[in-house]
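Working notes, structure below.
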Amino acid sequence: MKYEDLKKAYNDNPLVFNGALLAVFTHGSNALARPDAPVRFQVSGNIIDADMQRKMLDLACELSMVSFNDLMAFVHNDASFHFSKEFAPGLDEEGVCPVCGASVEYSGENKIDDEGGSFPWTCPECGATGREGYVRAFDRHYDVEDKDGNAIEGRPD
Ligand SMILES: [Zn+2]
């Protein structure tokens with residue numbers, strides 16, 4: 001499973017992805033990765049139907065072939081997991097008023113510089129105001145050309 005497969009699996013169904021990831025972390029890659037080893041666990045609970053359980057198990061087996069480092073890098077960079085309030089009380093969340101928890105509305109002048117940017121907001125519920133700060137994050141290299149100005153073969157557009 002390569003990066004693009006991981007991304008597709010996540011985008012197709014984040015719930016299945018999360019369940020599969022939980023299965024990998026709970027049961028361990030080795031238990032899932034051996035082709036001769038029957039899968040000896042079930043995704044249980046009555047919220048998730050049998051079809052989705054099957055999908056979770058299938059994806060869990062595929063995820064078990066991805067290195068732990070690559071899995072963690074994917075979770076860090078591409079998946080939208082949020083800390084629970086119990087685990088990280090007081091941690092600010094994007095788009096959420098830190099005073100009352102309502103969704104903020106962005107207004108006013110955005111400031112962008114070399115380091116990142118900040119975006120002013122107003123809370124429509126409690127009237128609080130503030131600025132949301134972003135640091136610059138690497139995505140990838142775009143428009144890469146050789147010294148003669150030709151596109152490099154094999155790179156994405
Ligand atoms: Zn508020």
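By order of appearance in the structure tokens: chains A, B, ..., then residues from 1 within every chain, and ligands from 1 in the order shown.
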Q. Residues at most 10 Å from region 89-99 of chain A, counting only C-alpha atoms, excluding those fewer than 4 positions away in the same chain, as a PyMOL selection string?
A. chain A and resi 82-85+103-106+121-130+132-134
Q: Determine which residues of region 4-90 of chain A receive a DSSP assignment of alpha helix (DSSP H), computed from the backbone, and state them as a PyMOL selection string.
A: chain A and resi 4-12+14-27+29-33+50-63+68-77
Q) Between A:Asn11, A:Ala50, A:Cys100, A:Leu63, which has the minimum distance to ligand 1 (counting only C-alpha atoms and all ligand atoms)? A) A:Cys100
Q.
Using DSSP assignments from the backbone, pull out every residue in region 37-145 of chain A that falls under strand (DSSP E) and give it to me as a list in words.
A.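 Here is the list: Glu105, Tyr106, Lys111, Ile112, Asp113, Gly116, Gly117, Ser118, Phe119, Pro120, Trp121, Thr122, Thr129, Gly130, Arg131, Glu132, Gly133, Tyr134 and Val135 of chain A.
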Q: Record the distance separating CA of Phe17 (chain A) and CA of Met52 (chain A), expressed in Å with one decimal.
A: 10.4 Å
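Taking only C-alpha atoms into account, Asp70 (chain A) lies nearest to A:Leu6 out of the set A:Gly149, A:Leu6, A:Asp157, A:Asp143.
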What lies within 12 Å of Met72 (chain A) using only C-alpha atoms, ignoring chain neighbours under 6 positions off, as a PDB file with C-alpha atoms, in the first residue's frame?
```pdb
ATOM      1  CA  TYR A   3       0.670   6.862  -0.039  1.00  0.00           C
ATOM      2  CA  LEU A   6      -3.776   5.345   1.917  1.00  0.00           C
ATOM      3  CA  LEU A  21      -6.275   1.977  12.222  1.00  0.00           C
ATOM      4  CA  PHE A  25      -2.953  -0.448  16.913  1.00  0.00           C
ATOM      5  CA  LEU A  63      -2.637  -1.077   6.776  1.00  0.00           C
ATOM      6  CA  VAL A  66       2.485  -0.130   5.891  1.00  0.00           C
ATOM      7  CA  ASP A  78      -3.339  14.038   6.029  1.00  0.00           C
ATOM      8  CA  ALA A  79      -5.913  12.671   8.442  1.00  0.00           C
ATOM      9  CA  PHE A  81      -7.962  13.562  14.001  1.00  0.00           C
TER      10      PHE A  81
END
```
Q.
I need the residue nearest Met65 (chain A) from this list: A:Lys8, A:His27, A:Lys2, A:Lys111. Use only C-alpha atoms for the distance.
A.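 Of A:Lys8, A:His27, A:Lys2, A:Lys111, the one nearest Met65 (chain A), counting only C-alpha atoms, is A:Lys2.
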Q) Quick one: of A:Gly101, A:Ile112, A:Phe68, A:Lys147, who's nearest to ligand 1, counting only C-alpha atoms and all ligand atoms? A)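 Closest candidate: A:Gly101.
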Q.
When you look at Phe138 (chain A) with a cut-off of 12 Å (counting only C-alpha atoms), what residues show up, excluding the ones that are within fewer than 6 positions of it in the same chain? I need them as a count of residues only.
A. 3
**Q.** Nearest candidate to ligand 1 (options A:Ala137, A:Asn13, A:Ala102, A:Glu109; using only C-alpha atoms and all ligand atoms)
**A.**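 Result for the nearest residue to ligand 1: A:Ala102.
You will find CA of Met56 (chain A) at 16.8 Å from CA of Asn30 (chain A).
With CA of Ala23 (chain A) on one side and CA of Ala60 (chain A) on the other, the separation reads 6.2 Å.
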Residue contacts of Leu57 (chain A) (7 Å, only C-alpha atoms) excluding same-chain residues fewer than 4 positions away, as an mmCIF file with N, CA and C atoms, in the first residue's frame:
```cif
data_model
loop_
_atom_site.group_PDB
_atom_site.id
_atom_site.type_symbol
_atom_site.label_atom_id
_atom_site.label_comp_id
_atom_site.auth_asym_id
_atom_site.auth_seq_id
_atom_site.Cartn_x
_atom_site.Cartn_y
_atom_site.Cartn_z
ATOM 1 N N ALA A 20 -10.104 0.747 11.075
ATOM 2 C CA ALA A 20 -9.013 -0.121 10.640
ATOM 3 C C ALA A 20 -7.722 0.232 11.375
ATOM 4 N N GLN A 53 -17.907 -3.553 9.015
ATOM 5 C CA GLN A 53 -16.932 -4.331 9.789
ATOM 6 C C GLN A 53 -15.977 -5.075 8.870
ATOM 7 N N CYS A 61 -5.946 -5.167 7.462
ATOM 8 C CA CYS A 61 -4.925 -6.095 6.955
ATOM 9 C C CYS A 61 -3.991 -5.379 5.986
#
```
Q) Which of these residues is nearest to Phe74 (chain A), using only C-alpha atoms: A:Glu4, A:Glu153, A:Arg54, A:Leu15? A) A:Glu4
